[in-house]
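Asker: Please find coords_26.cif (mmCIF, C-alpha atoms) on the next line:
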```cif
data_target
#
loop_
_atom_site.label_atom_id
_atom_site.label_comp_id
_atom_site.auth_asym_id
_atom_site.auth_seq_id
_atom_site.Cartn_x
_atom_site.Cartn_y
_atom_site.Cartn_z
CA MET A 22 -21.69 32.91 -17.48
CA SER A 23 -24.28 33.83 -14.92
CA THR A 24 -24.44 37.04 -12.99
CA THR A 25 -24.20 35.11 -9.75
CA GLU A 26 -20.95 33.48 -10.78
CA THR A 27 -19.21 36.76 -11.50
CA ALA A 28 -20.72 38.89 -8.75
CA ASN A 29 -20.16 36.23 -6.10
CA PRO A 30 -16.86 34.43 -6.72
CA SER A 31 -16.16 31.13 -5.00
CA PRO A 32 -14.46 31.63 -1.63
CA PRO A 33 -10.70 30.96 -1.73
CA SER A 34 -9.13 28.21 0.34
CA LYS A 35 -7.54 28.96 3.70
CA LYS A 36 -4.13 28.26 2.15
CA GLN A 37 -4.73 30.93 -0.50
CA VAL A 38 -5.85 33.43 2.16
CA VAL A 39 -2.71 32.78 4.22
CA ARG A 40 -0.49 33.22 1.17
CA ALA A 41 -2.17 36.52 0.30
CA VAL A 42 -1.69 37.82 3.85
CA ILE A 43 1.99 36.80 3.95
CA ALA A 44 2.73 38.28 0.52
CA SER A 45 1.05 41.56 1.40
CA THR A 46 2.82 41.75 4.76
CA VAL A 47 6.27 41.09 3.29
CA GLY A 48 5.76 43.70 0.58
CA THR A 49 4.55 46.26 3.09
CA ALA A 50 7.61 45.51 5.24
CA VAL A 51 9.87 46.32 2.28
CA GLU A 52 7.92 49.54 1.62
CA TRP A 53 8.17 50.78 5.20
CA TYR A 54 11.79 49.70 5.54
CA ASP A 55 12.57 51.85 2.49
CA PHE A 56 10.62 54.83 3.76
CA ILE A 57 11.78 54.75 7.38
CA LEU A 58 15.39 54.57 6.19
CA PHE A 59 14.97 57.74 4.19
CA GLY A 60 13.11 59.53 6.97
CA THR A 61 15.66 58.51 9.60
CA ALA A 62 18.60 59.39 7.37
CA SER A 63 16.95 62.77 6.68
CA ALA A 64 16.83 63.42 10.42
CA LEU A 65 20.38 62.23 11.18
CA VAL A 66 22.82 62.47 8.26
CA PHE A 67 21.39 63.74 4.97
CA ASN A 68 21.63 67.41 5.96
CA GLY A 69 25.43 67.19 6.19
CA LEU A 70 25.94 64.77 3.28
CA PHE A 71 23.74 66.39 0.65
CA PHE A 72 23.05 69.94 1.92
CA PRO A 73 26.29 70.94 3.73
CA ASP A 74 26.21 74.62 2.71
CA LEU A 75 23.00 75.26 4.66
CA ASP A 76 22.54 76.05 8.34
CA PRO A 77 22.03 72.70 10.18
CA MET A 78 18.35 73.40 10.90
CA LEU A 79 17.73 74.57 7.32
CA GLY A 80 19.67 71.58 6.04
CA THR A 81 17.35 69.32 8.02
CA VAL A 82 14.33 71.11 6.53
CA ALA A 83 15.84 70.59 3.05
CA ALA A 84 16.37 66.88 3.79
CA PHE A 85 12.79 66.56 5.01
CA ALA A 86 11.63 68.42 1.91
CA THR A 87 13.39 65.79 -0.22
CA ASN A 88 11.66 63.18 1.91
CA ALA A 89 8.36 64.95 1.19
CA VAL A 90 8.96 64.73 -2.58
CA GLY A 91 8.58 60.96 -2.25
CA PHE A 92 5.12 61.60 -0.89
CA LEU A 93 4.27 64.22 -3.47
CA VAL A 94 4.84 61.75 -6.33
CA ARG A 95 3.02 58.93 -4.52
CA PRO A 96 -0.38 60.13 -5.82
CA LEU A 97 0.99 59.84 -9.35
CA GLY A 98 2.01 56.28 -8.56
CA GLY A 99 -1.45 55.68 -7.11
CA PHE A 100 -3.14 57.02 -10.25
CA ILE A 101 -0.90 55.08 -12.66
CA PHE A 102 -0.57 51.75 -10.90
CA GLY A 103 -4.06 51.84 -9.37
CA THR A 104 -5.48 52.10 -12.88
CA LEU A 105 -3.27 49.27 -14.12
CA GLY A 106 -4.21 47.18 -11.08
CA ASP A 107 -7.92 47.54 -11.88
CA ARG A 108 -7.34 46.73 -15.52
CA PHE A 109 -4.72 43.98 -15.48
CA GLY A 110 -4.69 42.61 -11.95
CA ARG A 111 -3.43 43.26 -8.43
CA ARG A 112 -0.68 40.60 -8.34
CA SER A 113 1.43 41.80 -11.29
CA ILE A 114 1.38 45.42 -10.14
CA LEU A 115 2.44 44.48 -6.61
CA ILE A 116 5.42 42.55 -8.02
CA PHE A 117 6.46 45.46 -10.24
CA THR A 118 6.19 48.14 -7.54
CA LEU A 119 8.19 45.98 -5.12
CA ILE A 120 11.05 45.84 -7.62
CA MET A 121 10.87 49.60 -8.25
CA MET A 122 11.11 50.51 -4.59
CA GLY A 123 13.79 47.98 -3.73
CA LEU A 124 16.09 49.00 -6.58
CA ALA A 125 15.70 52.71 -5.76
CA THR A 126 16.57 52.08 -2.11
CA THR A 127 19.62 49.98 -3.00
CA ALA A 128 20.83 52.65 -5.44
CA MET A 129 20.66 55.28 -2.68
CA GLY A 130 23.37 53.37 -0.85
CA LEU A 131 25.67 53.88 -3.86
CA LEU A 132 25.13 57.63 -4.26
CA PRO A 133 28.04 60.09 -4.22
CA THR A 134 27.74 62.91 -1.70
CA TYR A 135 27.77 66.68 -2.20
CA ASN A 136 31.47 66.89 -1.40
CA GLN A 137 32.18 64.40 -4.19
CA VAL A 138 30.00 65.61 -7.08
CA GLY A 139 28.44 68.84 -5.85
CA LEU A 140 24.86 69.70 -6.80
CA LEU A 141 24.46 66.45 -8.73
CA ALA A 142 24.32 64.55 -5.43
CA PRO A 143 21.03 66.01 -4.11
CA ILE A 144 19.58 65.84 -7.64
CA LEU A 145 20.30 62.10 -7.83
CA LEU A 146 18.93 61.63 -4.32
CA LEU A 147 15.76 63.45 -5.34
CA GLY A 148 15.38 61.34 -8.49
CA LEU A 149 15.67 58.06 -6.61
CA ARG A 150 13.26 59.33 -3.97
CA MET A 151 10.74 60.02 -6.73
CA ILE A 152 11.09 56.48 -8.11
CA GLN A 153 10.67 55.13 -4.61
CA GLY A 154 7.57 57.25 -4.13
CA LEU A 155 5.99 56.13 -7.40
CA GLY A 156 6.23 52.49 -6.35
CA ALA A 157 5.04 53.18 -2.81
CA GLY A 158 2.00 54.97 -4.23
CA ALA A 159 0.44 51.63 -5.10
CA GLU A 160 1.98 49.34 -2.48
CA PHE A 161 -0.24 49.79 0.58
CA ALA A 162 -3.46 49.98 -1.41
CA GLY A 163 -2.60 46.88 -3.41
CA ALA A 164 -1.56 44.96 -0.30
CA VAL A 165 -4.71 45.59 1.71
CA ILE A 166 -6.98 45.18 -1.32
CA MET A 167 -5.40 41.82 -2.13
CA VAL A 168 -6.08 40.65 1.43
CA ALA A 169 -9.56 42.21 1.58
CA GLU A 170 -10.61 40.46 -1.61
CA PHE A 171 -9.38 37.11 -0.29
CA ALA A 172 -10.69 37.49 3.27
CA PRO A 173 -14.00 36.12 4.58
CA PRO A 174 -16.30 39.03 5.59
CA LYS A 175 -16.38 38.25 9.32
CA HIS A 176 -12.57 38.43 9.56
CA ARG A 177 -11.89 41.08 6.93
CA THR A 178 -10.72 43.86 9.27
CA LEU A 179 -8.47 41.54 11.27
CA LEU A 180 -6.84 40.13 8.15
CA THR A 181 -6.43 43.51 6.44
CA SER A 182 -4.76 44.76 9.61
CA LEU A 183 -2.00 42.17 9.26
CA PRO A 184 -0.12 43.98 6.46
CA GLY A 185 0.32 46.53 9.26
CA TRP A 186 2.77 43.99 10.68
CA GLY A 187 4.81 44.77 7.60
CA ASN A 188 4.66 48.41 8.64
CA ALA A 189 6.02 47.54 12.07
CA ILE A 190 8.58 45.01 10.80
CA GLY A 191 9.93 47.45 8.23
CA LEU A 192 10.07 50.23 10.77
CA VAL A 193 11.71 48.00 13.39
CA LEU A 194 14.33 46.79 10.92
CA GLY A 195 15.09 50.30 9.62
CA ALA A 196 15.21 51.90 13.07
CA ALA A 197 17.16 49.00 14.57
CA ILE A 198 19.86 49.12 11.90
CA PHE A 199 20.32 52.87 12.25
CA SER A 200 20.24 52.60 16.04
CA PHE A 201 22.91 49.89 15.92
CA LEU A 202 25.10 51.89 13.54
CA THR A 203 24.89 55.07 15.61
CA ALA A 204 25.83 53.04 18.68
CA VAL A 205 28.89 51.27 17.23
CA LEU A 206 30.17 53.95 14.84
CA ASN A 207 31.33 57.46 15.62
CA ASP A 208 29.91 60.40 13.67
CA GLU A 209 32.80 60.43 11.21
CA GLN A 210 32.34 56.75 10.33
CA LEU A 211 28.57 57.08 10.12
CA HIS A 212 28.80 60.00 7.69
CA ALA A 213 31.67 58.49 5.69
CA TRP A 214 30.24 55.04 4.93
CA GLY A 215 28.04 53.68 7.71
CA TRP A 216 24.84 55.30 6.46
CA ARG A 217 25.10 53.33 3.19
CA ILE A 218 24.74 49.90 4.79
CA PRO A 219 20.96 50.00 5.52
CA PHE A 220 20.20 51.16 1.97
CA LEU A 221 22.33 48.44 0.34
CA LEU A 222 20.49 45.85 2.40
CA GLY A 223 17.36 46.84 0.46
CA ALA A 224 18.47 44.34 -2.18
CA VAL A 225 17.67 41.53 0.27
CA GLY A 226 14.11 42.83 0.56
CA ILE A 227 13.63 42.57 -3.20
CA LEU A 228 14.64 38.91 -3.26
CA VAL A 229 12.49 37.92 -0.27
CA GLY A 230 9.48 39.89 -1.51
CA LEU A 231 9.65 38.41 -5.01
CA TRP A 232 9.99 34.88 -3.66
CA VAL A 233 6.78 35.31 -1.66
CA ARG A 234 4.69 37.29 -4.14
CA LEU A 235 5.38 35.09 -7.14
CA GLY A 236 3.61 32.28 -5.29
CA VAL A 237 0.32 34.16 -4.79
CA MET A 238 -2.73 33.77 -7.02
CA GLU A 239 -4.66 36.71 -8.43
CA SER A 240 -7.48 38.13 -6.29
CA PRO A 241 -10.64 35.98 -6.73
CA GLU A 242 -12.87 39.06 -6.95
CA PHE A 243 -10.72 40.53 -9.72
CA VAL A 244 -10.71 37.20 -11.57
CA ALA A 245 -14.50 37.07 -11.35
CA MET A 246 -14.78 40.62 -12.68
CA ARG A 247 -12.29 39.96 -15.48
CA LYS A 248 -14.45 37.10 -16.75
CA SER A 249 -16.97 39.72 -17.84
CA GLY A 250 -14.49 40.67 -20.59
CA ASN A 251 -14.46 44.37 -19.67
CA ALA A 252 -11.56 44.66 -17.22
CA GLU A 253 -8.88 45.75 -19.69
CA LYS A 254 -11.14 48.14 -21.63
CA ARG A 255 -12.22 50.40 -18.81
CA GLN A 256 -10.98 53.75 -17.50
CA PRO A 257 -11.26 53.19 -13.74
CA MET A 258 -9.95 56.60 -12.64
CA LYS A 259 -12.52 58.35 -14.81
CA GLU A 260 -15.18 56.16 -13.25
CA VAL A 261 -13.97 56.97 -9.72
CA PHE A 262 -14.37 60.71 -10.27
CA LYS A 263 -17.63 60.37 -12.17
CA LYS A 264 -19.49 57.80 -10.03
CA HIS A 265 -17.69 57.81 -6.67
CA PRO A 266 -16.50 61.36 -5.90
CA LYS A 267 -17.85 61.26 -2.35
CA SER A 268 -16.03 58.00 -1.66
CA PHE A 269 -12.83 59.55 -3.01
CA LEU A 270 -13.06 62.63 -0.77
CA THR A 271 -14.11 60.59 2.27
CA SER A 272 -11.17 58.24 1.77
CA MET A 273 -8.77 61.19 1.50
CA ALA A 274 -10.00 62.86 4.66
CA ALA A 275 -10.07 59.60 6.61
CA VAL A 276 -6.33 59.13 6.04
CA VAL A 277 -4.83 62.47 7.11
CA ALA A 278 -4.81 61.96 10.91
CA GLU A 279 -3.11 58.55 10.68
CA ASN A 280 -0.58 59.54 8.04
CA GLY A 281 0.30 62.98 9.41
CA THR A 282 0.69 61.80 13.00
CA SER A 283 2.61 58.70 11.95
CA TYR A 284 5.34 60.64 10.18
CA LEU A 285 5.58 63.26 12.89
CA VAL A 286 6.24 60.48 15.39
CA LYS A 287 8.63 58.52 13.17
CA THR A 288 10.75 61.33 11.71
CA PHE A 289 10.09 64.79 13.19
CA ILE A 290 10.30 63.58 16.79
CA ILE A 291 13.82 62.23 16.20
CA THR A 292 14.95 65.70 15.15
CA TYR A 293 12.97 67.36 17.95
CA ILE A 294 14.65 65.19 20.59
CA ALA A 295 18.18 65.35 19.15
CA SER A 296 18.40 68.88 17.71
CA PHE A 297 15.92 70.92 19.76
CA LEU A 298 16.01 69.22 23.17
CA LEU A 299 19.71 68.33 22.67
CA LEU A 300 19.24 64.81 24.01
CA ASP A 301 20.90 61.61 22.83
CA LYS A 302 19.99 61.03 19.16
CA ASN A 303 19.46 57.33 19.92
CA LEU A 304 16.70 58.13 22.40
CA GLY A 305 14.05 58.85 19.76
CA LEU A 306 15.17 55.99 17.54
CA ASN A 307 15.07 53.47 20.36
CA ALA A 308 11.67 54.65 21.58
CA ILE A 309 10.24 54.26 18.06
CA LEU A 310 11.84 50.83 17.86
CA VAL A 311 10.13 49.74 21.09
CA ALA A 312 6.79 51.27 20.07
CA SER A 313 6.91 49.49 16.71
CA THR A 314 7.76 46.18 18.33
CA ILE A 315 4.79 46.53 20.67
CA SER A 316 2.56 47.31 17.68
CA LEU A 317 3.13 43.77 16.41
CA ALA A 318 0.77 42.78 19.23
CA THR A 319 -1.60 45.75 19.24
CA THR A 320 -2.25 45.92 15.47
CA PRO A 321 -4.20 42.63 15.19
CA VAL A 322 -6.01 43.45 18.44
CA PHE A 323 -7.39 46.65 16.91
CA GLY A 324 -8.17 44.72 13.73
CA TYR A 325 -10.17 42.23 15.78
CA LEU A 326 -11.96 45.10 17.54
CA GLY A 327 -12.89 46.50 14.12
CA ASP A 328 -14.58 43.21 13.23
CA ARG A 329 -16.19 42.97 16.67
CA PHE A 330 -17.49 46.51 17.16
CA GLY A 331 -17.34 48.05 13.68
CA VAL A 332 -14.58 49.69 11.70
CA THR A 333 -16.12 53.15 11.88
CA ARG A 334 -16.48 53.08 15.67
CA VAL A 335 -12.88 52.00 16.28
CA TYR A 336 -11.62 54.55 13.75
CA LEU A 337 -13.48 57.38 15.48
CA CYS A 338 -12.19 56.36 18.92
CA ALA A 339 -8.58 56.23 17.73
CA THR A 340 -8.88 59.63 16.05
CA ALA A 341 -10.35 61.12 19.23
CA PHE A 342 -7.47 59.67 21.24
CA ILE A 343 -4.85 61.39 19.06
CA PHE A 344 -6.76 64.69 19.29
CA VAL A 345 -6.90 64.56 23.10
CA PHE A 346 -3.35 63.26 23.53
CA ALA A 347 -1.63 65.70 21.11
CA VAL A 348 -0.69 68.34 23.70
CA PRO A 349 0.20 65.88 26.50
CA PHE A 350 2.32 63.98 23.97
CA PHE A 351 4.57 66.94 23.22
CA TRP A 352 4.62 67.97 26.88
CA LEU A 353 5.85 64.49 27.88
CA ILE A 354 8.52 64.58 25.17
CA GLY A 355 9.57 68.05 26.33
CA THR A 356 10.25 66.88 29.90
CA GLY A 357 13.44 65.21 28.67
CA SER A 358 12.69 62.20 30.85
CA THR A 359 13.65 58.95 29.10
CA PHE A 360 10.76 57.06 30.71
CA LEU A 361 8.16 59.71 29.78
CA ILE A 362 9.48 60.03 26.21
CA TYR A 363 9.17 56.28 25.74
CA ALA A 364 5.68 56.29 27.27
CA ALA A 365 4.52 59.16 25.03
CA ILE A 366 5.76 57.57 21.82
CA ILE A 367 4.44 54.11 22.71
CA LEU A 368 0.98 55.44 23.56
CA MET A 369 0.66 57.73 20.55
CA TYR A 370 1.93 55.17 18.09
CA ASN A 371 -0.02 52.16 19.35
CA PHE A 372 -3.33 53.59 20.56
CA GLY A 373 -3.47 56.30 17.92
CA VAL A 374 -1.53 55.62 14.72
CA ARG A 375 -1.69 51.82 14.68
CA ALA A 376 -5.30 51.68 15.86
CA LEU A 377 -6.17 53.75 12.79
CA GLY A 378 -3.84 51.80 10.53
CA ALA A 379 -5.28 48.45 11.61
CA ASN A 380 -8.75 49.49 10.46
CA GLN A 381 -7.81 51.66 7.50
CA GLY A 382 -7.51 48.86 4.93
CA ALA A 383 -11.02 47.56 5.57
CA LEU A 384 -12.46 51.07 5.80
CA LEU A 385 -11.01 52.33 2.51
CA SER A 386 -11.50 49.09 0.58
CA GLY A 387 -15.18 49.11 1.49
CA LEU A 388 -15.69 52.57 0.01
CA PHE A 389 -15.20 51.40 -3.60
CA PRO A 390 -16.55 48.50 -5.70
CA THR A 391 -14.19 45.85 -7.07
CA ARG A 392 -13.96 47.29 -10.55
CA VAL A 393 -12.41 50.58 -9.34
CA ARG A 394 -11.19 49.60 -5.88
CA TYR A 395 -7.44 49.74 -6.57
CA SER A 396 -7.70 53.07 -8.39
CA GLY A 397 -9.97 54.62 -5.78
CA VAL A 398 -8.05 53.53 -2.70
CA ALA A 399 -4.53 54.12 -4.09
CA SER A 400 -5.21 57.56 -5.58
CA SER A 401 -7.26 58.97 -2.69
CA ARG A 402 -4.99 57.62 0.02
CA GLU A 403 -1.80 58.80 -1.63
CA VAL A 404 -3.11 62.31 -2.32
CA ALA A 405 -3.91 62.50 1.38
CA ALA A 406 -0.53 61.01 2.29
CA ALA A 407 1.27 63.67 0.23
CA LEU A 408 -0.68 66.46 1.93
CA SER A 409 -0.35 65.08 5.45
CA GLY A 410 2.40 62.48 5.93
CA GLY A 411 4.82 63.94 3.41
CA LEU A 412 4.50 67.50 4.64
CA SER A 413 4.03 66.92 8.37
CA PRO A 414 7.78 66.66 9.24
CA VAL A 415 8.46 69.77 7.13
CA ILE A 416 5.58 71.68 8.71
CA GLY A 417 6.51 70.48 12.20
CA THR A 418 10.16 71.51 11.78
CA ALA A 419 9.19 74.86 10.27
CA LEU A 420 6.72 75.61 13.08
CA LEU A 421 9.32 74.67 15.67
CA ALA A 422 12.00 76.83 14.01
CA TRP A 423 9.54 79.75 13.75
CA THR A 424 8.08 79.70 17.25
CA GLY A 425 10.50 77.64 19.33
CA GLN A 426 7.42 76.04 20.92
CA TYR A 427 5.72 72.65 20.54
CA TRP A 428 2.10 73.81 20.84
CA PRO A 429 1.72 74.93 17.17
CA VAL A 430 2.75 71.41 16.11
CA ALA A 431 0.21 69.94 18.53
CA LEU A 432 -2.51 72.20 17.09
CA TYR A 433 -1.56 71.01 13.61
CA VAL A 434 -2.07 67.39 14.70
CA MET A 435 -5.42 68.27 16.25
CA GLY A 436 -6.51 69.91 13.01
CA LEU A 437 -5.72 66.74 11.06
CA CYS A 438 -7.74 64.74 13.58
CA ALA A 439 -10.75 67.05 13.21
CA ILE A 440 -10.75 66.49 9.44
CA THR A 441 -10.56 62.70 9.80
CA PHE A 442 -13.19 62.56 12.54
CA LEU A 443 -15.75 64.56 10.58
CA ALA A 444 -15.12 62.60 7.38
CA THR A 445 -15.43 59.24 9.12
CA ARG A 446 -18.45 60.29 11.16
CA HIS A 447 -20.46 61.80 8.32
CA GLY A 448 -18.92 60.45 5.12
CA VAL A 449 -18.53 56.72 5.64
CA LYS A 450 -22.17 56.04 6.49
CA SER A 451 -23.35 57.52 3.22
CA VAL A 452 -21.13 55.25 1.14
CA GLU A 453 -20.55 52.13 3.23
CA GLY A 454 -23.20 50.22 1.29
CA ASN A 455 -21.01 50.58 -1.80
CA SER A 456 -18.78 47.71 -0.81
CA PHE A 457 -17.60 44.23 -1.70
CA ASN A 458 -19.56 42.44 -4.44
CA SER A 459 -21.54 45.66 -4.69
CA LEU A 460 -24.51 46.49 -6.85
CA ASP A 461 -22.19 48.25 -9.29
CA ASP A 462 -20.25 45.02 -9.88
CA ALA A 463 -23.44 43.01 -10.23
CA GLU A 464 -24.81 45.50 -12.74
CA LEU A 465 -21.61 45.33 -14.78
CA ASP A 466 -21.70 41.55 -14.86
CA ALA A 467 -25.40 41.51 -15.76
CA GLU A 468 -24.72 43.80 -18.71
CA ALA A 469 -21.87 41.54 -19.85
CA SER A 470 -24.06 38.44 -19.57
CA LEU A 471 -26.82 40.05 -21.63
CA LYS A 472 -24.33 41.05 -24.31
CA ALA A 473 -22.95 37.51 -24.38
#
```
Can the structure in the file be given as structure tokens, please?
Answerer:
Amino acid sequence: MSTTETANPSPPSKKQVVRAVIASTVGTAVEWYDFILFGTASALVFNGLFFPDLDPMLGTVAAFATNAVGFLVRPLGGFIFGTLGDRFGRRSILIFTLIMMGLATTAMGLLPTYNQVGLLAPILLLGLRMIQGLGAGAEFAGAVIMVAEFAPPKHRTLLTSLPGWGNAIGLVLGAAIFSFLTAVLNDEQLHAWGWRIPFLLGAVGILVGLWVRLGVMESPEFVAMRKSGNAEKRQPMKEVFKKHPKSFLTSMAAVVAENGTSYLVKTFIITYIASFLLLDKNLGLNAILVASTISLATTPVFGYLGDRFGVTRVYLCATAFIFVFAVPFFWLIGTGSTFLIYAAIILMYNFGVRALGANQGALLSGLFPTRVRYSGVASSREVAAALSGGLSPVIGTALLAWTGQYWPVALYVMGLCAITFLATRHGVKSVEGNSFNSLDDAELDAEASLKA
């Protein structure tokens, strides 16, 4: 086998590209449906169901802390399943993690509460959250990598932005179901049995996701690399830390602004509006629902802009927007005006969070060569997600409880943006040549050909 054949795989058909995009989008929708359910339930009902002996604010912090555990184990999932994805293939790992997450979510809907089994209830909740987090640790990375390795170069950012539709669809479904339940059920019904319904519906996501993903071929770039005969013998994580440490750190830092801001908007803000401002609890949920629906249109637009003007440039602009808008965002929320709250959440989510998310897949995938791409992207992104997204609602709630003011939370967001801006501005340029069909892959295939 020639070096050219393995380093430059034949381009897939348009039908294969479409299938890869759909499969990745559906899987990402299941992931974000699972996670938004837990985050929303943490803000609305978990404090009373699983931590009833605590003060309501402390109970909310405890619920968010349980939510954060899912993020804290996500790096472990990224390390484990990223390694397996680089050794045995992207497709099989994405099927397995989908099943893990879906079953954990469904099981949450069957859990007994604290009043029924005491301390065992939060322990079981924590255990299922950990299983959910392990699967999620490889889901986003695998989804965007699968698309990136199928996509033609000139449309790579646009196509890797489309799994972000899954983000929006999952969020819309999760928020819409909870919004509907809180509208038609009283508090007693919601706490007694209503909260279980969205989690039990997770079983539907498993069936739909499996039906789509079982029909997708393996990534052509991975197939080309596997023909060298070395794929299953390597230690990709060891190679990431030994040969690509700068890419790993750059990838981590590039994620924190998007992930931290995203979970502040999607979970902390619900609590801030309902428990601190004492406004209708549906207000935050409905605003997020509208913002997520709008993002179905804005996500591919920012993906297109990444292809047109460059991923790095769009990423820097979106990060700068969040930095500048952080204080006005909380001020607008604090006015209590329904119109201004909607406007603040729509602007922050679409022009900040989703603008970053639309370009993140292409940015991170391009930092690592094929042979370690899944390991590098999954592990670095999920470590950053644990430190930013997982902890941001906890930190935001704690800062609010400590100071009674929004400005410390805004400063926290600005700090995350500074980290991402500097990493993207100075780190990506030094590694962006280490990309698809990179020299490292060609060298590996040349060595294999010589040995053959």
Asker: Evaluated on this file, the PyMOL selection byres ((chain A and resi 54) around 7) picks out some residues - which ones are they, written as a list in words?
Answerer: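 Applying the expression gives Ala50, Val51, Glu52, Trp53, Asp55, Phe56, Ile57, Leu58, Gly191, Leu192, Leu194 and Gly195 of chain A.
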Asker: Keeping only C-alpha atoms, write the selected residues to a file as a compact mmCIF listing (two decimals), in the coordinates of the input.
Answerer:
```txt
# COMPACT_ATOMS: atom_id res chain seq x y z
CA ALA A 50 7.61 45.51 5.24
CA VAL A 51 9.87 46.32 2.28
CA GLU A 52 7.92 49.54 1.62
CA TRP A 53 8.17 50.78 5.20
CA ASP A 55 12.57 51.85 2.49
CA PHE A 56 10.62 54.83 3.76
CA ILE A 57 11.78 54.75 7.38
CA LEU A 58 15.39 54.57 6.19
CA GLY A 191 9.93 47.45 8.23
CA LEU A 192 10.07 50.23 10.77
CA LEU A 194 14.33 46.79 10.92
CA GLY A 195 15.09 50.30 9.62
```
Asker: Quick one: of A:Leu65, A:Met258, A:Leu437, A:Leu202, who's nearest to A:Ser296, counting all atoms listed in the file?
Answerer: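 Comparing A:Leu65, A:Met258, A:Leu437, A:Leu202 against A:Ser296, the winner is A:Leu65.
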Asker: Take atom CA of A:Asn307 and atom CA of A:Tyr363 and report the distance between them in Å, one decimal.
Answerer: 8.5 Å
Asker: Between atom CA of A:Tyr284 and atom CA of A:Ala339, what is the spacing in Å?
Answerer: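 A separation of 16.4 Å between them.
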Asker: Can you find the residues with an atom no farther than 12 Å from (23.4, 61.7, 22.5), counting all atoms listed in the file, and report them as a ChimeraX atom specification?
Answerer: /A:65,200,203-204,207-208,291-292,294-296,298-307
Asker: Using all atoms listed in the file, which of A:Gly106, A:Gly327, A:Gly156, A:Gly230 sits nearest A:Thr181?
Answerer: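 Of all the options, A:Gly327 lies closest to A:Thr181.
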Asker: Using only C-alpha atoms, which of A:Phe323, A:Phe117, A:Phe171, A:Phe92 sits nearest A:Val38?
Answerer: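 With only C-alpha atoms as the atom set, the closest residue is A:Phe171.
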Asker: Since I can't run it myself right now, could you work out what the PyMOL selection byres ((chain A and resi 442) around 8) selects here and report it as a list in words?
Answerer: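 Checking the PyMOL selection byres ((chain A and resi 442) around 8) against this file, the residues are Ala275, Leu337, Thr340, Ala341, Cys438, Ala439, Ile440, Thr441, Leu443, Ala444, Thr445 and Arg446 of chain A.
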Asker: With the input short on atoms, add N, CA and C atoms back to stretch 425-436 of chain A and write it as a tab-separated table (two decimals), in the frame of the given file.
Answerer:
```tsv
chain	number	residue	atom	x	y	z
A	425	GLY	N	9.73	78.19	18.22
A	425	GLY	CA	10.50	77.64	19.33
A	425	GLY	C	9.63	76.94	20.36
A	426	GLN	N	8.37	76.66	20.01
A	426	GLN	CA	7.42	76.04	20.92
A	426	GLN	C	6.79	74.81	20.26
A	427	TYR	N	6.33	73.86	21.10
A	427	TYR	CA	5.72	72.65	20.54
A	427	TYR	C	4.23	72.80	20.27
A	428	TRP	N	3.56	73.76	20.92
A	428	TRP	CA	2.10	73.81	20.84
A	428	TRP	C	1.56	74.05	19.42
A	429	PRO	N	2.26	74.82	18.54
A	429	PRO	CA	1.72	74.93	17.17
A	429	PRO	C	1.71	73.58	16.44
A	430	VAL	N	2.71	72.74	16.73
A	430	VAL	CA	2.75	71.41	16.11
A	430	VAL	C	1.60	70.56	16.65
A	431	ALA	N	1.33	70.67	17.94
A	431	ALA	CA	0.21	69.94	18.53
A	431	ALA	C	-1.12	70.39	17.93
A	432	LEU	N	-1.28	71.69	17.72
A	432	LEU	CA	-2.51	72.20	17.09
A	432	LEU	C	-2.65	71.69	15.66
A	433	TYR	N	-1.54	71.57	14.96
A	433	TYR	CA	-1.56	71.01	13.61
A	433	TYR	C	-2.08	69.57	13.63
A	434	VAL	N	-1.60	68.78	14.57
A	434	VAL	CA	-2.07	67.39	14.70
A	434	VAL	C	-3.56	67.36	15.01
A	435	MET	N	-4.00	68.23	15.89
A	435	MET	CA	-5.42	68.27	16.25
A	435	MET	C	-6.29	68.66	15.06
A	436	GLY	N	-5.78	69.54	14.22
A	436	GLY	CA	-6.51	69.91	13.01
A	436	GLY	C	-6.68	68.73	12.06
```
